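Asks: Below you will find the structure I want to go over with you.
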Amino acid sequence: MSLIKGGHNFSIVSTSTRWISSHYMKADLIVNFDKRSYDNHIDHLSEGGLMVYNSDIKGNMGGIGISLTSEAKRFPNPNLMLGVGAIAILGATIGVNKTELNALIKNEYSKGVKENISYANIIYDIVYPIIGGKFQLEGGSKKRPNISGNQAIALGAIAGGLDCYYAYPMTPATSILHYLAAIADDFGLAVIHPENEIAVINMAIGSTFTGARSMVGSSGGGFSLMAEGISLAGIIESPVLIVLSMRPGPATGVPTYTEQGDLNFALNVGHGEFLRIVASPGTIEEAFFLTAQMLDLVWKFQTPGILLTEKHLSESSMTVDINLNDTIWAEPLLYKDGEYKRYLDTKDGISPLLFPPSKEILKWNSYEHDEFGFTTEDPQWIKRMHDKRNKKFKSLKNYLMKKKTINIFGDKGPIIITYGSTVMSVLEALKYGNIEARVVQPIFLSPLPIWELEKFKDQEVIVIEQSAIGQFANLLKENMNIQLKKVIKQYDGRPFDPIKLSKKIKDVV
Amino acid sequence: MWYKIVKLGTNIENTWCLGCGNFGILNAFKKAIVELEEKGISQNNILIASGIGCSAKIFDYLNLSGIYSLHGRDLATIEGIKFANPNLKTITFSGDGNAMGEGLTHLLFAAKRNADVTIIMHNNGVYALTTGQYTPITERGWKGPSTPKGSVEEPFNAISLVLEAGATFVARSYTAKIQHLTDMMVQAIEHKGFSFLEVLQPCVSYNNTYKLYNEIVEELDDIPKSIEEAKLYAKNKDKLFIGIFYRTEKPTFCELLYGDHNPVEKRQYREERINKIKKILNIK
C-alpha cells in the first residue's frame, strides 16, 4: 500500500559476491521491529536462516531477541532509530566492521549522524557475539556505485544531453523528478513540476522547439493524460522522450507494486498514425545507456519515444558497473543552408532542424501542413505528409539494424523470450535452478527487431512476462512465426521470485 | 511601416468571415510587432503559439515562428518555449472557449507562477468554428446548438479570475479600436511577467456584438487602484471598460527558479556532464 508512517513496510536486501539480478523472498536474515512484521515474514525465513526480533515487544516470537526499543530510548527520537539498528545487525552478520559501518552511516544519513552511529554501535556490540560473521561475505576489490533504476534513468538522460524535465508526481516515476530537481542547478537543467501531466507533455514539446532535449516521466494514469500531446508530437515531429514506469492498473490499480500491463498502450498511444519508438531496459545499467540512446533516437528521427520500464526496475537499487564513456550524446540533423522548410520532404523523412532565434520562419503545426508548416487540406499534401512522416518507420529500422537491439544470454538449451526488468528475474531464476537456457531480450519493442528475432522463428519458445493477458507473447505472435510452448505470467503486483520462477521453468523444460 | 506590416503577413488564404473581429486583432498585432521592433525587439526573438479555433487561424496569417498547438494547450506550449529559452518573447493566441474551457487550468497556473508569457484572448463569446455553442464566459441563457433551451450556467469573468490567480498585467481592448488594441498589445508584450489581454471580438456569424460594443465600450480613465477595484470594473455589465486593469512588477517564474540561467543557451556539454556524473557516482 502507499504508506508514509502508517501500516506495515519492509525492505529486501540481497547481496552476494557474484552478480545477482533479483532479490529473493527467502531470507537468511530477517530483522523485524514489531509483531506484525514477525508474523508477516516468518514464512520467508530460509532453512538455517536467522530471525532477529525486537524483544521489547510483547508477543510470542522466536529467534534472537534484541532490545531494540529500550536501547533506542537513550536517544531523542527513539522510533526513528530502529532502522539503523537493522543495518547494524545486517552488517554484523555479513562481516562489515564497525569503521565501515560508521562510514556508511555518515555517507547515507543527512540528519542525526552522531546519534545514528552511537545507536548502531550499541546494537552491533550486542549482536556481534551472537551472530557476528554468520554469513560472512568476502570483501571485493572494486568499488561500485549503488543506484536505483530511476537514478540510472535520470543520470543517463543527463549524460545524453537532457536540458528540461517536466513531471507531475506519480509513483513509481516520482523519484526521477526528485533526483533531477535536487541536481538541476549543478547541470543547468530546468526541472519543473507543473499543474498536471497535460501541461507536462505540452511544455516539454514547447521546449523541444527551442532545441532543448526534453523528457517527461509518469506511470499509466499520467501517461494516459499525455496521449493527446504525444499525438501532437507525432504530427509536429517533436522529439520528446517519455518515461513510462508501469504499475498494476487499470486506473489507480496498485500504485507501489509492479506489472508489465501497459505494453500495448505504449505501443499505440496517441490518435493517428505516426512512429512511436519504444524500448525497455532489462537492467539498471541498461536503463542508464538506453535513456541516453533514446534521447538521441527521438532527436535523430524527430518523433516521440517511450522508455518503457516497471516499478520493479525504477525503484530497485543495485550496485552497477557503468562505463560513462560509452554514453551516446543526443544529436539531431541540423539545417545548413538554403531555403528553410521545417517539413522538407527528404528521402528518409527527416527534415533538418533549426532553432529560434532565427531569421528563418520555423512553423511547427498540429494541423496537417505543407513543407513550410502552413495548414493545408489539399489531398496531395495530406497524403504526401503522411508518407513523409511514415518514411521514418523504414529509416529507423535501417538505422537500428546496425545497432544492438537485442540481448541474448546463454548459447544452449531452450529459448526463453522476455523483456524489461523481468529479464533480471529470469536470469536469476536460471542461476538459482542451475538451468541451461538461452534468454532472448528484445531491447526495442517498436520497432520490434524481427531481423534479430528471426533466428528463433519456427522454434519452440517460452515467454515470461508480468501481464495477465500475455501482451508480450501476443506481440511476438503478431510479428513472427513462433511456437509458444508456454507463457509464464505473474500479475499479483510482485516481481517474480527466482526460486518459484526456476521451478516453473523446470516444469516446462 | 506599411512595407514592414505587409512582410508580417503570409500568402495563405484568409478564411475568417467578412467583417470578423479577428481582422482587427491581426492588423493591430502586426502594427504592435513593428512598434516593438522599433523599440529594439527583433522579430527573430518573437515566438507565437495558438490553440485551436477561429482565433488560432491567426498562426497561418503571421510570418512569425512558433507552434500551432492543440485546443486549450497553447499556453502550456508557449510556457515550454519560454522556460527552455527565457530570452525569447512569447505570445499565444487563444479563444475564450480555448482559454477558459479546455485550457483553464493552464491559464490559472500560468498566472499563478507569473510565467513571462503573453496571452491574447479573443473573446467572441462563442465556439464559432464548431458553430456557436456557449463558452465558459457566455452570459446565462445563451441558445446554441448544445443548449437549445438556453445555457443554465453562470459565466466566469475572465479578468476577475486571472487577477485572483496572480496575473501581473491584465488588460482589455476592443477589435474596433485598432490604436487602443495595438497599444495594449505592445504594453502586454513588453511587460515582464504574465500578461493577459482580453480582446472583445464580435463574431459576425454567431454573436454579432458590434452595435452593442460600440454603445457600451468605454476607456478606463486610469488604472484601478487595487485588485478589488479592478474586479469591479471588469464585472461591470452596463459599460464594458477597456484599458489596463492591473499592472505590477514581480519576479518571474524563470527568474525565481534559475535566476538568469538559460537552459538552452547555456547548456553544459558532454564532457562537463560526464565528469560531474563520475563525481556523483564516485567512479573514474
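Identifiers for the C-alpha cells are assigned positionally: chains receive A, B, ... in sequence, residues are indexed from 1 per chain, and ligands are indexed from 1 in the order shown.
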Restrict the distance test to only C-alpha atoms, flag each residue of chain B within 6 Å of chain A, and return the flagged residues as a list in words.
Replies: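 Here is what falls inside 6 Å: Asn44, Asn45, Asp60, Leu64, Ser65, Gly66, Ile67, Tyr68, Ser69, Ala76, Thr77, Gly80, Ile81, Ala84, Pro263, Val264 and Leu281 of chain B.
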Asks: Excluding same-chain residues fewer than 4 positions from Leu241 in chain A, what lies within 7 Å of it counting only C-alpha atoms, as number ranges by chain?
Replies: A: 214-216, 295, 298, 304-306
Asks: Kindly give the distance, in Å, that separates CA of Ile223 in chain B and CA of Phe241 in chain B, rounded to a single decimal.
Replies: 11.1 Å
Asks: Give me the residues near Phe156 in chain B as a list in words, where near means some atom within 10 Å (using only C-alpha atoms) and where sequence neighbours in that chain fewer than 6 positions away do not count.
Replies: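 Result of the neighbour search: Met100, Thr135, Pro136, Ile137, Thr138, Glu139 and Lys235 of chain B.
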Asks: Enumerate, as a tab-separated table (two decimals) with C-alpha atoms, in the first residue's frame, the complete set of residues in range 95-213 of chain A that a backbone-based DSSP assignment places in strand (DSSP E).
Replies:
chain	number	residue	atom	x	y	z
A	146	ASN	CA	24.69	1.60	-5.81
A	147	ILE	CA	21.87	3.36	-7.63
A	148	SER	CA	18.18	2.88	-8.30
A	164	CYS	CA	14.42	20.10	-19.46
A	165	TYR	CA	12.50	17.62	-17.37
A	166	TYR	CA	8.79	18.03	-16.65
A	167	ALA	CA	6.75	15.76	-14.41
A	190	ALA	CA	15.09	23.17	-16.00
A	191	VAL	CA	13.26	20.67	-13.77
A	192	ILE	CA	9.63	21.67	-13.47
Asks: Would you kindly return, as a list of chain:residue names, each protein, DNA or RNA residue with an atom no farther than 9 Å from any atom of Asn124 in chain B, considering only C-alpha atoms and excluding same-chain residues fewer than 5 positions away?
Replies: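 So, after excluding close chain neighbours, the residues are B:Gly21, B:Gly95, B:Asp96, B:Gly97, B:Thr138, B:Val199, B:Leu200, B:Gln201, B:Pro202, B:Cys203, B:Tyr206, B:Asn207, B:Asn208, B:Thr209.
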Asks: Please dump the current selection as a PDB file, in the first residue's frame; keep C-alpha atoms.
Replies:
ATOM      1  CA  GLY B  21     -13.373  40.876 -35.358  1.00  0.00           C
ATOM      2  CA  GLY B  95     -10.183  31.981 -27.951  1.00  0.00           C
ATOM      3  CA  ASP B  96     -12.385  32.352 -24.887  1.00  0.00           C
ATOM      4  CA  GLY B  97     -13.515  28.743 -25.238  1.00  0.00           C
ATOM      5  CA  THR B 138     -21.081  33.411 -22.297  1.00  0.00           C
ATOM      6  CA  VAL B 199      -9.968  41.377 -26.687  1.00  0.00           C
ATOM      7  CA  LEU B 200     -13.669  41.985 -27.243  1.00  0.00           C
ATOM      8  CA  GLN B 201     -14.146  40.382 -30.633  1.00  0.00           C
ATOM      9  CA  PRO B 202     -17.531  40.405 -32.376  1.00  0.00           C
ATOM     10  CA  CYS B 203     -18.384  37.225 -34.290  1.00  0.00           C
ATOM     11  CA  TYR B 206     -22.853  33.674 -34.305  1.00  0.00           C
ATOM     12  CA  ASN B 207     -22.563  36.574 -31.880  1.00  0.00           C
ATOM     13  CA  ASN B 208     -22.550  39.927 -33.616  1.00  0.00           C
ATOM     14  CA  THR B 209     -21.871  42.398 -30.843  1.00  0.00           C
TER      15      THR B 209
END
Asks: Please list as a ChimeraX atom specification every residue within 12 Å of Pro78 in chain A, counting only C-alpha atoms and excluding residues in the same chain fewer than 6 positions away.
Replies: /A:68-72,84-85,112,115-116,119
Asks: List as a list in words the protein and nucleic acid residues near Leu8 in chain B, meaning an atom at most 10 Å away when only C-alpha atoms are counted, but skip any in the same chain fewer than 4 places from it.
Replies: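 Result of the neighbour search: Trp2, Tyr3, Lys4, Asn27, Phe29, Lys30, Lys31, Ile33, Val34, Gln43, Tyr61, Leu62, Asn63 and Leu64 of chain B.
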Asks: Write the residues you've just listed into a file as a short mmCIF file (atom, residue, chain, number, x, y, z; two decimals), in the first residue's frame, and include N, CA and C atoms for each of them.
Replies:
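Once written, again_21.cif looks like this:
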data_model
loop_
_atom_site.label_atom_id
_atom_site.label_comp_id
_atom_site.auth_asym_id
_atom_site.auth_seq_id
_atom_site.Cartn_x
_atom_site.Cartn_y
_atom_site.Cartn_z
N TRP B 2 4.35 50.46 -43.66
CA TRP B 2 3.44 49.59 -44.40
C TRP B 2 4.16 48.39 -45.01
N TYR B 3 5.38 48.63 -45.47
CA TYR B 3 6.16 47.55 -46.04
C TYR B 3 6.40 46.46 -44.98
N LYS B 4 6.73 46.94 -43.79
CA LYS B 4 7.00 46.00 -42.70
C LYS B 4 5.75 45.22 -42.32
N ASN B 27 -4.52 42.88 -37.63
CA ASN B 27 -3.93 44.15 -38.05
C ASN B 27 -3.22 44.86 -36.90
N PHE B 29 -2.00 43.49 -34.25
CA PHE B 29 -0.81 42.73 -33.83
C PHE B 29 0.37 43.02 -34.73
N LYS B 30 0.11 43.09 -36.04
CA LYS B 30 1.21 43.41 -36.96
C LYS B 30 1.80 44.78 -36.64
N LYS B 31 0.89 45.71 -36.36
CA LYS B 31 1.37 47.07 -36.00
C LYS B 31 2.19 47.02 -34.71
N ILE B 33 3.91 44.53 -33.55
CA ILE B 33 5.22 43.89 -33.77
C ILE B 33 6.19 44.90 -34.39
N VAL B 34 5.67 45.70 -35.33
CA VAL B 34 6.53 46.72 -35.96
C VAL B 34 6.97 47.76 -34.91
N GLN B 43 12.13 40.63 -34.48
CA GLN B 43 11.10 39.63 -34.83
C GLN B 43 11.62 38.21 -34.71
N TYR B 61 -1.53 33.25 -40.63
CA TYR B 61 -1.54 34.55 -41.30
C TYR B 61 -0.39 35.45 -40.85
N LEU B 62 0.43 34.95 -39.94
CA LEU B 62 1.55 35.74 -39.45
C LEU B 62 2.87 35.10 -39.86
N ASN B 63 3.74 35.91 -40.39
CA ASN B 63 5.04 35.41 -40.80
C ASN B 63 6.01 35.41 -39.61
N LEU B 64 5.61 34.66 -38.58
CA LEU B 64 6.43 34.56 -37.37
C LEU B 64 6.55 33.09 -36.99
#
Asks: List as a list in words the protein and nucleic acid residues near Ile120 in chain B, meaning an atom at most 8 Å away when only C-alpha atoms are counted, but skip any in the same chain fewer than 4 places from it.
Replies: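 In the requested format, the answer is Ile91, Thr92, Phe93, Ser94, Phe196, Leu197, Glu198 and Val199 of chain B.
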Asks: Take the residues from that selection and write them out as a PDB file, in the first residue's frame, keeping N, CA and C atoms.
Replies:
ATOM      1  N   ILE B  91       4.249  34.747 -27.087  1.00  0.00           N
ATOM      2  CA  ILE B  91       2.866  35.222 -27.130  1.00  0.00           C
ATOM      3  C   ILE B  91       1.976  34.095 -27.636  1.00  0.00           C
ATOM      4  N   THR B  92       0.820  33.910 -27.003  1.00  0.00           N
ATOM      5  CA  THR B  92      -0.111  32.935 -27.540  1.00  0.00           C
ATOM      6  C   THR B  92      -1.470  33.555 -27.821  1.00  0.00           C
ATOM      7  N   PHE B  93      -2.126  33.051 -28.872  1.00  0.00           N
ATOM      8  CA  PHE B  93      -3.465  33.492 -29.266  1.00  0.00           C
ATOM      9  C   PHE B  93      -4.450  32.395 -28.903  1.00  0.00           C
ATOM     10  N   SER B  94      -5.491  32.816 -28.193  1.00  0.00           N
ATOM     11  CA  SER B  94      -6.396  31.810 -27.668  1.00  0.00           C
ATOM     12  C   SER B  94      -7.812  32.359 -27.711  1.00  0.00           C
ATOM     13  N   PHE B 196      -2.099  39.227 -19.521  1.00  0.00           N
ATOM     14  CA  PHE B 196      -3.369  38.718 -20.053  1.00  0.00           C
ATOM     15  C   PHE B 196      -4.098  39.876 -20.731  1.00  0.00           C
ATOM     16  N   LEU B 197      -4.358  39.708 -22.027  1.00  0.00           N
ATOM     17  CA  LEU B 197      -5.091  40.738 -22.759  1.00  0.00           C
ATOM     18  C   LEU B 197      -6.365  40.126 -23.328  1.00  0.00           C
ATOM     19  N   GLU B 198      -7.503  40.576 -22.791  1.00  0.00           N
ATOM     20  CA  GLU B 198      -8.788  40.130 -23.316  1.00  0.00           C
ATOM     21  C   GLU B 198      -9.193  41.083 -24.435  1.00  0.00           C
ATOM     22  N   VAL B 199      -9.549  40.514 -25.577  1.00  0.00           N
ATOM     23  CA  VAL B 199      -9.968  41.377 -26.687  1.00  0.00           C
ATOM     24  C   VAL B 199     -11.429  41.092 -27.018  1.00  0.00           C
TER      25      VAL B 199
END
Asks: Which parts of range 51-259 of chain A does DSSP call alpha helix (DSSP H) when run on the backbone here, written out as a PyMOL selection string?
Replies: chain A and resi 68-72+78-94+98-108+113-131+149-160+174-187+197-209+220-225+227-236
Asks: Could you dump the residues just selected with C-alpha atoms as an mmCIF file, in the first residue's frame?
Replies:
data_model
loop_
_atom_site.group_PDB
_atom_site.id
_atom_site.type_symbol
_atom_site.label_atom_id
_atom_site.label_comp_id
_atom_site.auth_asym_id
_atom_site.auth_seq_id
_atom_site.Cartn_x
_atom_site.Cartn_y
_atom_site.Cartn_z
ATOM 1 C CA LEU A 68 15.950 -2.605 20.024
ATOM 2 C CA THR A 69 13.400 -0.207 21.514
ATOM 3 C CA SER A 70 14.824 0.166 25.019
ATOM 4 C CA GLU A 71 18.310 0.816 23.609
ATOM 5 C CA ALA A 72 16.791 3.450 21.304
ATOM 6 C CA PRO A 78 13.666 6.504 19.581
ATOM 7 C CA ASN A 79 11.149 5.346 16.953
ATOM 8 C CA LEU A 80 13.297 6.763 14.158
ATOM 9 C CA MET A 81 16.394 4.895 15.379
ATOM 10 C CA LEU A 82 15.243 1.324 14.775
ATOM 11 C CA GLY A 83 16.033 1.307 11.058
ATOM 12 C CA VAL A 84 19.742 1.911 11.504
ATOM 13 C CA GLY A 85 19.656 -0.884 14.087
ATOM 14 C CA ALA A 86 18.635 -3.285 11.326
ATOM 15 C CA ILE A 87 21.570 -2.057 9.240
ATOM 16 C CA ALA A 88 23.925 -2.727 12.164
ATOM 17 C CA ILE A 89 22.534 -6.266 12.525
ATOM 18 C CA LEU A 90 22.920 -6.957 8.793
ATOM 19 C CA GLY A 91 26.450 -5.516 8.895
ATOM 20 C CA ALA A 92 27.443 -7.707 11.827
ATOM 21 C CA THR A 93 26.165 -10.914 10.189
ATOM 22 C CA ILE A 94 27.920 -10.353 6.839
ATOM 23 C CA LYS A 98 32.444 -1.001 12.766
ATOM 24 C CA THR A 99 34.637 1.504 10.928
ATOM 25 C CA GLU A 100 32.973 0.544 7.639
ATOM 26 C CA LEU A 101 29.542 0.669 9.250
ATOM 27 C CA ASN A 102 30.117 4.140 10.658
ATOM 28 C CA ALA A 103 31.446 5.462 7.364
ATOM 29 C CA LEU A 104 28.367 4.102 5.630
ATOM 30 C CA ILE A 105 26.003 5.824 8.058
ATOM 31 C CA LYS A 106 27.904 9.060 7.697
ATOM 32 C CA ASN A 107 27.538 8.878 3.922
ATOM 33 C CA GLU A 108 23.887 7.965 3.804
ATOM 34 C CA VAL A 113 24.587 11.121 12.093
ATOM 35 C CA LYS A 114 26.081 11.114 15.585
ATOM 36 C CA GLU A 115 23.053 9.552 17.253
ATOM 37 C CA ASN A 116 22.620 7.000 14.483
ATOM 38 C CA ILE A 117 26.257 5.934 14.751
ATOM 39 C CA SER A 118 26.044 5.632 18.545
ATOM 40 C CA TYR A 119 22.897 3.561 18.391
ATOM 41 C CA ALA A 120 24.163 1.367 15.551
ATOM 42 C CA ASN A 121 27.333 0.658 17.548
ATOM 43 C CA ILE A 122 25.348 -0.326 20.640
ATOM 44 C CA ILE A 123 23.252 -2.785 18.634
ATOM 45 C CA TYR A 124 26.314 -4.036 16.742
ATOM 46 C CA ASP A 125 28.083 -4.803 20.040
ATOM 47 C CA ILE A 126 25.053 -6.694 21.331
ATOM 48 C CA VAL A 127 24.528 -8.863 18.249
ATOM 49 C CA TYR A 128 28.115 -9.433 17.174
ATOM 50 C CA PRO A 129 28.943 -12.023 19.854
ATOM 51 C CA ILE A 130 25.803 -13.990 18.924
ATOM 52 C CA ILE A 131 25.681 -13.886 15.131
ATOM 53 C CA GLY A 149 16.670 2.354 -11.729
ATOM 54 C CA ASN A 150 15.189 5.839 -11.643
ATOM 55 C CA GLN A 151 18.561 7.362 -10.751
ATOM 56 C CA ALA A 152 20.068 5.493 -13.691
ATOM 57 C CA ILE A 153 17.366 6.894 -15.985
ATOM 58 C CA ALA A 154 17.928 10.435 -14.659
ATOM 59 C CA LEU A 155 21.714 10.272 -14.942
ATOM 60 C CA GLY A 156 21.582 8.542 -18.318
ATOM 61 C CA ALA A 157 19.341 11.324 -19.613
ATOM 62 C CA ILE A 158 21.758 13.983 -18.343
ATOM 63 C CA ALA A 159 24.709 12.183 -19.897
ATOM 64 C CA GLY A 160 22.777 12.054 -23.171
ATOM 65 C CA THR A 174 8.291 10.311 -8.978
ATOM 66 C CA SER A 175 11.829 9.699 -7.821
ATOM 67 C CA ILE A 176 13.163 10.699 -11.269
ATOM 68 C CA LEU A 177 11.630 14.134 -10.643
ATOM 69 C CA HIS A 178 13.033 14.305 -7.109
ATOM 70 C CA TYR A 179 16.500 13.256 -8.133
ATOM 71 C CA LEU A 180 16.683 15.618 -11.105
ATOM 72 C CA ALA A 181 15.246 18.532 -9.100
ATOM 73 C CA ALA A 182 17.959 18.020 -6.490
ATOM 74 C CA ILE A 183 20.809 18.155 -9.032
ATOM 75 C CA ALA A 184 19.203 20.556 -11.545
ATOM 76 C CA ASP A 185 21.408 23.525 -10.662
ATOM 77 C CA ASP A 186 24.641 21.517 -10.959
ATOM 78 C CA PHE A 187 23.797 20.596 -14.532
ATOM 79 C CA GLU A 197 0.527 15.721 -16.975
ATOM 80 C CA ILE A 198 -1.217 17.522 -19.830
ATOM 81 C CA ALA A 199 0.876 20.603 -19.074
ATOM 82 C CA VAL A 200 3.895 18.335 -18.608
ATOM 83 C CA ILE A 201 3.831 16.903 -22.134
ATOM 84 C CA ASN A 202 2.871 20.159 -23.839
ATOM 85 C CA MET A 203 5.561 22.148 -22.038
ATOM 86 C CA ALA A 204 8.144 19.516 -22.936
ATOM 87 C CA ILE A 205 7.070 19.731 -26.582
ATOM 88 C CA GLY A 206 7.341 23.537 -26.418
ATOM 89 C CA SER A 207 10.858 23.180 -25.026
ATOM 90 C CA THR A 208 11.942 20.867 -27.846
ATOM 91 C CA PHE A 209 11.090 23.678 -30.271
ATOM 92 C CA GLY A 220 -0.014 4.680 -16.537
ATOM 93 C CA GLY A 221 -2.515 7.288 -15.326
ATOM 94 C CA GLY A 222 -0.367 10.307 -16.122
ATOM 95 C CA PHE A 223 0.736 8.696 -19.354
ATOM 96 C CA SER A 224 -2.947 8.407 -20.345
ATOM 97 C CA LEU A 225 -3.341 12.145 -19.862
ATOM 98 C CA ALA A 227 -1.854 10.720 -25.001
ATOM 99 C CA GLU A 228 -3.140 13.748 -26.946
ATOM 100 C CA GLY A 229 0.183 15.546 -26.527
ATOM 101 C CA ILE A 230 2.083 12.500 -27.779
ATOM 102 C CA SER A 231 -0.101 12.581 -30.882
ATOM 103 C CA LEU A 232 0.775 16.289 -31.254
ATOM 104 C CA ALA A 233 4.451 15.369 -31.045
ATOM 105 C CA GLY A 234 3.784 12.835 -33.816
ATOM 106 C CA ILE A 235 2.459 15.350 -36.340
ATOM 107 C CA ILE A 236 4.634 18.334 -35.450
#
Asks: Pick out the closest residue to Phe289 in chain A from this set: A:Gln380, A:Ile443, A:Phe372, A:Lys311. Count only C-alpha atoms.
Replies: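 Using only C-alpha atoms, the shortest distance to Phe289 in chain A belongs to A:Ile443.
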